[in-house]
Every structure is written in C-alpha cells, then in structure tokens.
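> My structure is in input-v5.csv, and what it holds is CSV, C-alpha atoms (C1' of nucleotides):
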```
chain,number,residue,atom,x,y,z
A,18,MET,CA,36.0,6.4,-12.2
A,19,PHE,CA,33.0,7.4,-14.2
A,20,ALA,CA,30.4,9.9,-13.3
A,21,SER,CA,27.9,7.3,-14.5
A,22,MET,CA,28.4,3.9,-16.0
A,23,GLU,CA,29.1,4.0,-19.7
A,24,THR,CA,26.1,4.1,-21.9
A,25,ARG,CA,27.4,1.2,-24.0
A,26,VAL,CA,27.5,-1.1,-21.0
A,27,ARG,CA,23.9,-0.2,-20.0
A,28,LYS,CA,22.7,-0.8,-23.5
A,29,GLU,CA,24.3,-4.2,-23.4
A,30,ILE,CA,22.4,-5.0,-20.2
A,31,LEU,CA,19.1,-4.0,-21.8
A,32,LYS,CA,19.7,-6.0,-25.0
A,33,LYS,CA,20.9,-9.0,-23.1
A,34,HIS,CA,17.5,-9.0,-21.4
A,35,GLY,CA,15.6,-8.6,-24.6
A,36,LEU,CA,14.6,-5.0,-23.9
A,37,ARG,CA,14.5,-2.1,-26.3
A,38,VAL,CA,17.0,0.7,-25.6
A,39,THR,CA,15.2,3.9,-24.5
A,40,ASP,CA,16.3,7.0,-22.7
A,41,CYS,CA,14.1,6.2,-19.7
A,42,ARG,CA,15.4,2.6,-19.4
A,43,LEU,CA,19.0,3.8,-19.6
A,44,ASP,CA,18.4,6.5,-17.0
A,45,VAL,CA,16.6,4.1,-14.6
A,46,LEU,CA,19.3,1.6,-15.0
A,47,ASP,CA,21.9,4.2,-14.4
A,48,LEU,CA,20.2,5.3,-11.2
A,49,PHE,CA,20.1,1.7,-9.8
A,50,ILE,CA,23.8,1.1,-10.7
A,51,ASN,CA,25.0,4.4,-9.2
A,52,LYS,CA,22.9,4.3,-6.1
A,53,SER,CA,23.9,0.7,-5.6
A,54,GLN,CA,20.9,0.2,-3.3
A,55,ALA,CA,17.3,-0.8,-3.6
A,56,LEU,CA,14.9,1.9,-4.8
A,57,SER,CA,11.2,2.4,-4.7
A,58,GLN,CA,8.9,3.7,-7.4
A,59,LYS,CA,8.9,7.0,-5.4
A,60,ASP,CA,12.7,7.2,-5.4
A,61,LEU,CA,12.6,6.9,-9.2
A,62,GLU,CA,9.9,9.6,-9.4
A,63,GLU,CA,12.0,12.0,-7.3
A,64,ASN,CA,15.3,11.3,-9.2
A,65,LEU,CA,13.9,11.1,-12.7
A,66,ALA,CA,11.2,13.7,-12.7
A,67,ALA,CA,11.5,14.2,-16.4
A,68,TYR,CA,9.6,10.9,-17.0
A,69,ASP,CA,5.9,10.3,-16.3
A,70,ARG,CA,5.2,8.2,-13.2
A,71,VAL,CA,3.4,5.7,-15.4
A,72,THR,CA,6.4,5.3,-17.6
A,73,LEU,CA,8.6,4.7,-14.6
A,74,TYR,CA,6.0,2.2,-13.3
A,75,ARG,CA,6.1,0.3,-16.5
A,76,THR,CA,9.9,0.5,-16.7
A,77,LEU,CA,10.1,-1.1,-13.3
A,78,HIS,CA,7.7,-3.9,-14.4
A,79,SER,CA,9.5,-4.6,-17.7
A,80,PHE,CA,12.8,-4.8,-15.7
A,81,ILE,CA,11.2,-7.2,-13.3
A,82,ASP,CA,9.7,-9.4,-16.1
A,83,SER,CA,13.0,-9.5,-17.9
A,84,GLY,CA,15.1,-10.3,-14.9
A,85,VAL,CA,16.9,-7.0,-14.5
A,86,LEU,CA,15.4,-6.2,-11.2
A,87,HIS,CA,13.7,-8.1,-8.4
A,88,LYS,CA,11.1,-6.9,-6.0
A,89,ILE,CA,12.0,-6.7,-2.3
A,90,PRO,CA,9.3,-7.2,0.3
A,91,ASN,CA,9.2,-4.6,3.0
A,92,ASP,CA,7.1,-4.3,6.1
A,93,SER,CA,6.3,-0.7,5.3
A,94,GLY,CA,4.1,-1.9,2.5
A,95,ILE,CA,6.0,0.1,-0.1
A,96,ALA,CA,7.9,-2.2,-2.4
A,97,SER,CA,11.5,-1.6,-3.3
A,98,TYR,CA,13.4,-3.0,-6.2
A,99,GLY,CA,17.0,-4.1,-6.5
A,100,ILE,CA,19.3,-5.1,-9.3
A,101,CYS,CA,19.6,-8.8,-9.9
A,102,PHE,CA,23.0,-10.3,-9.8
A,103,ASP,CA,24.2,-12.5,-12.6
A,104,THR,CA,22.5,-15.5,-11.1
A,105,CYS,CA,19.1,-14.1,-12.2
A,106,SER,CA,17.7,-15.0,-15.6
A,107,PRO,CA,14.5,-13.8,-17.2
A,108,THR,CA,12.7,-17.0,-16.3
A,109,LYS,CA,14.1,-17.7,-12.8
A,110,HIS,CA,15.1,-15.3,-10.1
A,111,HIS,CA,17.8,-16.4,-7.7
A,112,HIS,CA,18.0,-13.8,-5.2
A,113,ASP,CA,18.9,-15.8,-2.2
A,114,HIS,CA,21.1,-13.0,-1.1
A,115,LEU,CA,20.2,-10.9,1.9
A,116,HIS,CA,18.2,-7.7,1.9
A,117,PHE,CA,19.6,-5.4,4.5
A,118,LYS,CA,17.5,-2.5,5.8
A,119,CYS,CA,19.4,0.2,7.8
A,120,ASN,CA,17.2,1.3,10.7
A,121,THR,CA,19.1,4.6,10.9
A,122,CYS,CA,19.2,5.9,7.3
A,123,GLY,CA,16.5,3.7,5.9
A,124,GLN,CA,18.6,2.5,3.0
A,125,LEU,CA,17.8,-0.9,1.7
A,126,GLU,CA,20.7,-2.9,0.2
A,127,CYS,CA,21.2,-6.2,-1.4
A,128,ILE,CA,24.1,-8.1,0.2
A,129,GLU,CA,25.5,-10.8,-2.0
A,130,GLU,CA,28.4,-12.1,-0.1
A,131,SER,CA,27.1,-13.7,3.1
A,132,VAL,CA,24.9,-16.3,1.5
A,133,SER,CA,25.1,-18.6,4.5
A,134,LEU,CA,21.4,-18.9,4.2
A,135,PRO,CA,19.1,-20.6,6.7
A,136,ASN,CA,19.0,-24.3,7.2
A,137,ILE,CA,15.3,-24.3,7.1
A,138,ARG,CA,13.2,-27.0,8.6
A,139,LEU,CA,9.5,-27.0,7.8
A,140,PRO,CA,6.7,-29.1,9.3
A,141,GLN,CA,6.0,-32.4,7.6
A,142,ASP,CA,4.6,-32.3,4.1
A,143,TYR,CA,5.6,-28.8,3.5
A,144,LYS,CA,7.6,-28.1,0.4
A,145,LEU,CA,10.4,-25.5,0.4
A,146,GLY,CA,10.6,-22.9,-2.3
A,147,ALA,CA,12.2,-19.5,-2.5
A,148,VAL,CA,13.6,-17.9,0.7
A,149,ASP,CA,13.6,-14.2,1.4
A,150,VAL,CA,15.7,-12.9,4.2
A,151,ILE,CA,15.3,-9.3,5.4
A,152,VAL,CA,17.8,-8.2,8.0
A,153,ASN,CA,17.3,-5.1,9.9
A,154,GLY,CA,20.2,-3.3,11.6
A,155,VAL,CA,22.7,-0.5,11.1
A,156,CYS,CA,24.7,-0.2,7.9
A,157,GLY,CA,28.4,0.5,7.8
A,158,THR,CA,28.2,4.2,7.1
A,159,CYS,CA,25.7,4.9,9.9
A,160,SER,CA,27.6,2.6,12.3
A,161,ILE,CA,30.8,4.5,11.8
A,162,GLU,CA,29.2,8.0,12.0
A,163,ALA,CA,27.5,7.1,15.2
B,9,MET,CA,-13.3,-28.0,21.8
B,10,PHE,CA,-14.7,-24.5,21.6
B,11,ALA,CA,-16.4,-22.9,18.6
B,12,SER,CA,-14.4,-19.9,19.5
B,13,MET,CA,-11.9,-19.2,22.3
B,14,GLU,CA,-13.5,-18.3,25.6
B,15,THR,CA,-14.2,-14.6,25.9
B,16,ARG,CA,-12.5,-14.6,29.3
B,17,VAL,CA,-9.3,-15.6,27.7
B,18,ARG,CA,-9.4,-13.1,25.0
B,19,LYS,CA,-10.2,-10.4,27.5
B,20,GLU,CA,-7.1,-11.3,29.5
B,21,ILE,CA,-5.0,-11.0,26.4
B,22,LEU,CA,-6.3,-7.5,25.7
B,23,LYS,CA,-5.8,-6.4,29.3
B,24,LYS,CA,-2.3,-7.9,29.5
B,25,HIS,CA,-1.4,-5.6,26.6
B,26,GLY,CA,-3.0,-2.5,28.1
B,27,LEU,CA,-5.9,-2.4,25.8
B,28,ARG,CA,-9.5,-1.7,26.6
B,29,VAL,CA,-11.9,-4.5,26.0
B,30,THR,CA,-14.3,-3.8,23.1
B,31,ASP,CA,-16.4,-5.9,20.9
B,32,CYS,CA,-14.4,-5.2,17.9
B,33,ARG,CA,-11.1,-6.1,19.5
B,34,LEU,CA,-12.5,-9.3,20.9
B,35,ASP,CA,-13.9,-10.3,17.5
B,36,VAL,CA,-10.6,-9.5,15.7
B,37,LEU,CA,-8.7,-11.4,18.2
B,38,ASP,CA,-11.0,-14.3,17.9
B,39,LEU,CA,-10.6,-14.4,14.2
B,40,PHE,CA,-6.8,-14.4,14.4
B,41,ILE,CA,-6.9,-17.2,16.9
B,42,ASN,CA,-9.4,-19.4,15.0
B,43,LYS,CA,-7.9,-18.9,11.6
B,44,SER,CA,-4.4,-19.5,13.0
B,45,GLN,CA,-2.8,-17.8,10.1
B,46,ALA,CA,-1.8,-14.4,9.1
B,47,LEU,CA,-4.5,-12.1,7.9
B,48,SER,CA,-4.6,-8.9,5.9
B,49,GLN,CA,-6.8,-5.8,6.5
B,50,LYS,CA,-8.9,-7.0,3.7
B,51,ASP,CA,-9.4,-10.4,5.3
B,52,LEU,CA,-10.7,-8.6,8.4
B,53,GLU,CA,-13.1,-6.5,6.4
B,54,GLU,CA,-14.5,-9.6,4.7
B,55,ASN,CA,-14.9,-11.6,7.9
B,56,LEU,CA,-16.0,-8.8,10.2
B,57,ALA,CA,-18.2,-6.7,7.9
B,58,ALA,CA,-20.1,-5.4,10.9
B,59,TYR,CA,-17.3,-3.0,11.7
B,60,ASP,CA,-16.2,0.0,9.8
B,61,ARG,CA,-12.9,-0.4,7.8
B,62,VAL,CA,-11.4,2.4,9.7
B,63,THR,CA,-12.2,0.7,13.0
B,64,LEU,CA,-10.5,-2.5,11.8
B,65,TYR,CA,-7.6,-0.4,10.5
B,66,ARG,CA,-7.2,1.2,13.9
B,67,THR,CA,-7.7,-2.1,15.7
B,68,LEU,CA,-4.8,-3.6,13.7
B,69,HIS,CA,-2.6,-0.7,14.6
B,70,SER,CA,-3.4,-0.7,18.3
B,71,PHE,CA,-2.7,-4.5,18.3
B,72,ILE,CA,0.7,-3.9,16.6
B,73,ASP,CA,1.6,-1.0,18.9
B,74,SER,CA,0.8,-3.1,22.0
B,75,GLY,CA,2.5,-6.2,20.8
B,76,VAL,CA,-0.5,-8.4,20.1
B,77,LEU,CA,0.2,-8.7,16.4
B,78,HIS,CA,3.2,-8.2,14.2
B,79,LYS,CA,3.3,-7.0,10.6
B,80,ILE,CA,4.6,-9.4,8.0
B,81,PRO,CA,6.3,-8.1,4.9
B,82,ASN,CA,5.0,-9.4,1.6
B,83,ASP,CA,6.2,-8.8,-1.9
B,84,SER,CA,2.7,-8.4,-3.1
B,85,GLY,CA,2.7,-5.0,-1.3
B,86,ILE,CA,-0.3,-6.0,0.8
B,87,ALA,CA,0.7,-6.4,4.4
B,88,SER,CA,-0.4,-9.3,6.6
B,89,TYR,CA,-0.5,-9.5,10.3
B,90,GLY,CA,0.1,-12.4,12.6
B,91,ILE,CA,-0.4,-13.1,16.3
B,92,CYS,CA,2.8,-12.6,18.3
B,93,PHE,CA,4.0,-15.5,20.3
B,94,ASP,CA,4.7,-15.2,24.0
B,95,THR,CA,8.2,-13.9,23.3
B,96,CYS,CA,6.7,-10.6,22.1
B,97,SER,CA,6.2,-7.7,24.5
B,98,PRO,CA,4.8,-4.3,23.8
B,99,THR,CA,8.2,-2.7,23.7
B,100,LYS,CA,10.1,-5.4,21.8
B,101,HIS,CA,9.0,-7.8,19.1
B,102,HIS,CA,10.8,-11.1,18.8
B,103,HIS,CA,9.4,-12.7,15.8
B,104,ASP,CA,12.3,-14.7,14.7
B,105,HIS,CA,10.1,-17.4,13.6
B,106,LEU,CA,9.5,-18.1,9.9
B,107,HIS,CA,6.7,-16.7,7.8
B,108,PHE,CA,5.6,-19.3,5.3
B,109,LYS,CA,3.7,-18.4,2.2
B,110,CYS,CA,1.9,-21.2,0.3
B,111,ASN,CA,2.2,-20.6,-3.4
B,112,THR,CA,-0.8,-22.8,-4.0
B,113,CYS,CA,-3.5,-21.5,-1.6
B,114,GLY,CA,-1.8,-18.2,-0.8
B,115,GLN,CA,-2.1,-18.7,2.9
B,116,LEU,CA,0.5,-17.1,5.1
B,117,GLU,CA,1.4,-18.8,8.3
B,118,CYS,CA,3.8,-18.1,11.1
B,119,ILE,CA,5.8,-21.2,11.9
B,120,GLU,CA,7.3,-21.2,15.3
B,121,GLU,CA,9.0,-24.5,15.6
B,122,SER,CA,11.9,-24.5,13.1
B,123,VAL,CA,13.8,-21.6,14.5
B,124,SER,CA,17.1,-22.8,13.1
B,125,LEU,CA,17.6,-19.3,11.8
B,126,PRO,CA,20.3,-18.1,9.6
B,127,ASN,CA,23.8,-17.7,10.7
B,128,ILE,CA,24.1,-14.3,9.2
B,129,ARG,CA,27.4,-12.8,8.3
B,130,LEU,CA,27.3,-9.1,7.4
B,131,PRO,CA,30.0,-6.9,5.9
B,132,GLN,CA,32.3,-5.1,8.3
B,133,ASP,CA,30.8,-2.5,10.6
B,134,TYR,CA,27.3,-3.6,9.9
B,135,LYS,CA,25.2,-4.2,13.0
B,136,LEU,CA,22.7,-7.0,13.1
B,137,GLY,CA,19.1,-6.4,14.3
B,138,ALA,CA,15.9,-8.2,13.7
B,139,VAL,CA,15.8,-10.9,11.0
B,140,ASP,CA,12.7,-11.7,8.9
B,141,VAL,CA,12.6,-14.9,6.9
B,142,ILE,CA,9.9,-15.4,4.3
B,143,VAL,CA,9.7,-18.9,2.9
B,144,ASN,CA,7.7,-19.6,-0.2
B,145,GLY,CA,6.6,-23.1,-1.0
B,146,VAL,CA,3.6,-25.5,-0.6
B,147,CYS,CA,1.9,-26.0,2.7
B,148,GLY,CA,1.0,-29.4,4.1
B,149,THR,CA,-2.6,-29.3,3.1
B,150,CYS,CA,-2.0,-28.3,-0.5
B,151,SER,CA,1.0,-30.7,-0.7
B,152,ILE,CA,-1.2,-33.7,0.2
B,153,GLU,CA,-4.1,-32.7,-2.0
B,154,ALA,CA,-1.9,-32.4,-5.0
C,26,DA,C1',-26.0,2.0,40.4
C,27,DT,C1',-24.8,6.5,38.4
C,28,DA,C1',-21.7,10.1,36.9
C,29,DT,C1',-17.3,11.2,35.0
C,30,DT,C1',-13.5,11.0,31.9
C,31,DA,C1',-10.7,9.0,28.5
C,32,DT,C1',-10.8,6.2,24.7
C,33,DA,C1',-12.9,3.8,20.7
C,34,DT,C1',-16.0,3.9,16.9
C,35,DG,C1',-18.4,5.3,12.6
C,36,DC,C1',-18.8,8.4,9.0
C,37,DA,C1',-17.1,11.6,5.7
C,38,DA,C1',-13.4,13.2,3.4
C,39,DT,C1',-8.6,13.2,1.9
C,40,DT,C1',-4.1,11.4,0.4
C,41,DA,C1',-1.4,8.4,-2.0
C,42,DA,C1',-0.3,4.1,-4.7
C,43,DG,C1',-1.3,1.1,-8.3
C,44,DT,C1',-3.3,0.2,-12.7
C,45,DT,C1',-5.5,0.6,-17.5
C,46,DG,C1',-6.7,2.6,-22.3
C,47,DC,C1',-5.5,5.1,-26.0
C,48,DA,C1',-3.3,8.4,-29.2
C,49,DA,C1',1.2,10.2,-30.3
C,50,DA,C1',6.2,9.4,-30.3
C,51,DT,C1',10.1,6.5,-30.9
C,52,DA,C1',13.2,2.2,-31.6
C,53,DG,C1',14.5,-1.6,-34.3
C,54,DT,C1',14.4,-3.4,-39.1
C,55,DC,C1',14.2,-3.4,-44.0
D,10,DG,C1',14.0,7.1,-45.3
D,11,DA,C1',9.9,4.0,-44.7
D,12,DC,C1',7.5,0.5,-42.0
D,13,DT,C1',6.0,-1.9,-37.9
D,14,DA,C1',5.9,-3.0,-33.2
D,15,DT,C1',6.9,-1.1,-28.9
D,16,DT,C1',7.2,2.7,-25.6
D,17,DT,C1',5.7,6.9,-23.8
D,18,DG,C1',2.6,10.6,-21.8
D,19,DC,C1',-1.8,11.9,-20.5
D,20,DA,C1',-6.2,11.2,-18.5
D,21,DA,C1',-8.9,8.5,-15.9
D,22,DC,C1',-10.1,5.0,-12.6
D,23,DT,C1',-9.5,1.7,-8.7
D,24,DT,C1',-8.0,0.5,-4.4
D,25,DA,C1',-5.5,1.1,0.0
D,26,DA,C1',-4.0,4.1,3.6
D,27,DT,C1',-4.9,7.9,6.6
D,28,DT,C1',-7.0,11.9,9.2
D,29,DG,C1',-10.7,14.9,11.7
D,30,DC,C1',-14.5,15.1,14.3
D,31,DA,C1',-18.9,14.1,16.5
D,32,DT,C1',-21.0,10.3,18.9
D,33,DA,C1',-20.9,6.1,21.6
D,34,DT,C1',-18.8,3.2,24.9
D,35,DA,C1',-15.3,1.3,28.5
D,36,DA,C1',-13.0,2.0,32.7
D,37,DT,C1',-13.0,4.5,36.9
D,38,DA,C1',-14.6,7.2,40.7
D,39,DT,C1',-18.6,8.4,43.4
```
Take the structure in the file and give it back as structure tokens.

Amino acid sequence: MFASMETRVRKEILKKHGLRVTDCRLDVLDLFINKSQALSQKDLEENLAAYDRVTLYRTLHSFIDSGVLHKIPNDSGIASYGICFDTCSPTKHHHDHLHFKCNTCGQLECIEESVSLPNIRLPQDYKLGAVDVIVNGVCGTCSIEA
Amino acid sequence: MFASMETRVRKEILKKHGLRVTDCRLDVLDLFINKSQALSQKDLEENLAAYDRVTLYRTLHSFIDSGVLHKIPNDSGIASYGICFDTCSPTKHHHDHLHFKCNTCGQLECIEESVSLPNIRLPQDYKLGAVDVIVNGVCGTCSIEA
DNA sequence: ATATTATATGCAATTAAGTTGCAAATAGTC
DNA sequence: GACTATTTGCAACTTAATTGCATATAATAT
C-alpha cells in the first residue's frame, strides 16, 4: 500500500494527456485518486489550500479539456468532477457509467461496473446522444453503519 | 385553444398544493405550462420582468417545496426546473421520466412517455433511491430542420 | 363589506461562485 | 545554463444565490 500513488505514475497520466507536470496538477490528481470519489472545486480548495483558487479552477478545466476528469451534473447546482476511466480520450468522453450520490454522507461516486444502461426510447425524430445517469441512494459504508 | 391556460385551472393547481394564489405564481405557472419545457431562473426573469428576481426565486422554491416543480440537474451548473407530473406529491417527487437536452437549440424537456428506465445494478450494500436520467441529443424540431 | 392575521413581495444588501487580465514564476527544450 | 511557452498568483470583475426587513396583499373571521 502507498500513502499516495507514486509520483511517477501520476506524471505519466499527465504526460499521456498532453499536460505539463506541475506540483499543483500532481497534487490535484493525487487527491482525486486517493479520495476515489467525485470532488467539487470547493473540495479542492479545502484540501489543497496552498494553491490559489484560480489555479485550482484552471487545473480542473485543463483536466476536463484533456480528458483526465469529467464534469458531473448535480441538482445542487454545484458541479463535481470525477476521474475518467480508460474509455475517455481527450476528444471524446465516454462516461456512460453511473454517478451515485449518497443521501446520507453526500459523497458522489462514479460507478463503473453496472453499465446496464437504459434502453432509452425517445419520441419520433429525436436523436440520442450522451446519457447521464445520476442515482441517489445510500452507499455501502453508510448502509452498513446504519 | 386558449392563449393561456384558464386562470381557474391554474388557481386549482396552486390550491391543491397548499399555496396562496398570487399574480406572480399564476404567471409563473402559466409560463411553465405554455412553454412546456424546463426553464431556468434566468428564463423567468426574462419572460416575467415585471416581478423582482427575488420574488421569482422564492416562487420557484415554493413550487419545488410544494411539489409543483422539480429541479433538473445540468452540467452547465445552471439549474432548470420542470413541471411535475401527477405522480408528484408535496412529500415525494417521482420524476423518473427522462430529461432531454437538445444540443442544438439548448432546450430542456421532460419526456414522460419512455419510462423504460435503467435496470440499475449497484455494488453490494448500496441502496437504490431516485434515479435521474439526462439524455443529450437533438430534439424533433431541430432534427427536422437540419 | 370590513377588519384581522399570516404570507408574499420588492428593495437593499450580502455571500459565494465563476471568470478574466496581467506580471512573475516555472516546465520543457536546446 | 539559456530560451520560450505555459502556468501560477493576485487583483478585479461578473453573475448567481441568498437573507432581512418594511410594505403590500391573500385568506379568514367578523
């Protein structure tokens, strides 16, 4: 076990997406990997107070543009961001996985496994594009504690 | 055909949800019914400039609290609101319908028909709650025009 | 119809999020 | 180590979300 993912691995991720390796990007990436859940800009600000909020803001955006992260809609109005799985490339996001929001602890997770996604039927002449599924419920941890 | 839904009907809707009948609420309700699509706070401000933004803000919230409208997540960060179908009550929202976002005209619609919703499988111990599905694509109008 | 009471509204002000410009600092390359 | 393009931090600005309070209005009782 590692306290945090090896720097070398995180550097590779950045380079693979055409991004320069900077302290801020390594730290943000590390946070996403270790928390293994979706994070908001505010979460970043709280966990990485050493960096300016504008820097974190731009880091998030460069990660989204390059396909490292994807934006997750949220009815609270505050966007969250999650790490893209290998199926995502800089040009095309494939995040047909679920986004699971725990109503107890508030944590937002990307769930890759259960991709039995909807068999969606739209009205005539409608063309189907990307599908986002947000599931509310209780996560494993909260479910067991309760 | 009516230019706008009869006042009597809209009054009934408000009363049924335990809300006082006011001009602002009648006008907001009318707008939602006539536009038959999801609207944002900004849309309200533009269409009902006679009312203060705070009043519209509070009208939206009282409608959500009482089950007249539901909030629709949106990755743009700007929330939209849609009329609840009959399945919604003040205490429990059942908006298991789709939310369709047209990538061409930007319009957001609630689509009631195709409720062939996901057969969602979650990891062990996870408890399933409400499901939100946001479909991106091209709506009928834009599809035909193109 | 009028008075009473609780609620809704408008205005002013505040909080918080998102965004941009620019000079200084730093990463990648020679 | 020097050079160039990118990144960072700071300041400032824009926009959305939210609250307090005095006034106006809806629902209810008289």
> List the neighbours of Lys33 of chain A out to 12 Å using only C-alpha atoms (C1' of nucleotides); skip same-chain residues closer than 3 positions along the sequence, and give me the result as a ChimeraX atom specification.
/A:26-30,36-38,80,83-85,103,106-107
> Mind pulling up the distance from atom CA of Leu52 of chain B to atom C1' of DT34 of chain C?
16.0 Å
> Least-squares superposition of chain B on chain A, all Cα atoms, in-order pairing: what RMSD comes out, in Å?
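Computed value for the CA RMSD is 0.2 Å.
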> For chain A, work out the contacting residues on chain B at 7 Å, counting only C-alpha atoms, and write them as a PyMOL selection string.
chain B and resi 79-83+85-87+122+124-130+132-148+151
> Define the interface residues of chain C facing chain B as those within 10 Å, counting only C-alpha atoms (C1' of nucleotides), and report them as a count of residues only.
5
> Find, counting all atoms listed in the file, the residue in C:DA41, C:DC55, C:DA31, C:DA48 that gets nearest to DA35 of chain D.
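Of C:DA41, C:DC55, C:DA31, C:DA48, the one nearest DA35 of chain D is C:DA31, counting all atoms listed in the file.
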> Residues at most 10 Å from DT44 of chain C, counting all atoms listed in the file, excluding those fewer than 5 positions away in the same chain, as a ChimeraX atom specification?
/A:71,74 /D:22-24
> Produce a table with one row for each residue of chain D that has an atom at most 10 Å from any atom of chain B, each row naming the nearest atom pair and its distance in Å at one decimal; use all atoms listed in the file; arrange rows by chain and rising residue number; format as a Markdown table.

```
| residue | atom | partner | partner_atom | distance |
| --- | --- | --- | --- | --- |
| D:DA25 | C1' | B:Ile86 | CA | 8.8 |
| D:DA26 | C1' | B:Tyr65 | CA | 9.0 |
| D:DT27 | C1' | B:Val62 | CA | 9.1 |
| D:DT34 | C1' | B:Thr30 | CA | 8.5 |
| D:DA35 | C1' | B:Arg28 | CA | 6.8 |
| D:DA36 | C1' | B:Arg28 | CA | 7.9 |
```
> When you draw a straight line from atom CA of Glu126 of chain A to atom CA of Gln45 of chain B, how long is it in Å?
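So the answer is 29.5 Å.
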> What is the atom CA of Lys52 of chain A-atom CA of Glu162 of chain A distance in Å, reported with one decimal?
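If I compute the distance from atom CA of Lys52 of chain A to atom CA of Glu162 of chain A, I get 19.5 Å.
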> Please determine, counting all atoms listed in the file, which residue among B:Leu39, B:Ile72, B:Ala57, B:Leu47 has the shortest atom-to-atom distance to His25 of chain B.
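Closest candidate: B:Ile72.
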> Within 12 Å of (-9.2, 12.3, -17.8), all atoms listed in the file: residues as a PyMOL selection string?
(chain C and resi 46-47) or (chain D and resi 19-22)
> When you look at DT51 of chain C with a cut-off of 9 Å (counting only C-alpha atoms (C1' of nucleotides)), what residues show up, excluding the ones that are within fewer than 2 positions of it in the same chain? I need them as a ChimeraX atom specification.
/A:39 /D:15-17
> Identify, on the basis of only C-alpha atoms (C1' of nucleotides), every residue whose closest approach to DT28 of chain D does not exceed 10 Å; exclude the query and any residue fewer than 2 positions from it along the same chain; express the result as a list in words.
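So the residues in contact are DA38, DT39 and DT40 of chain C; DC30 of chain D.
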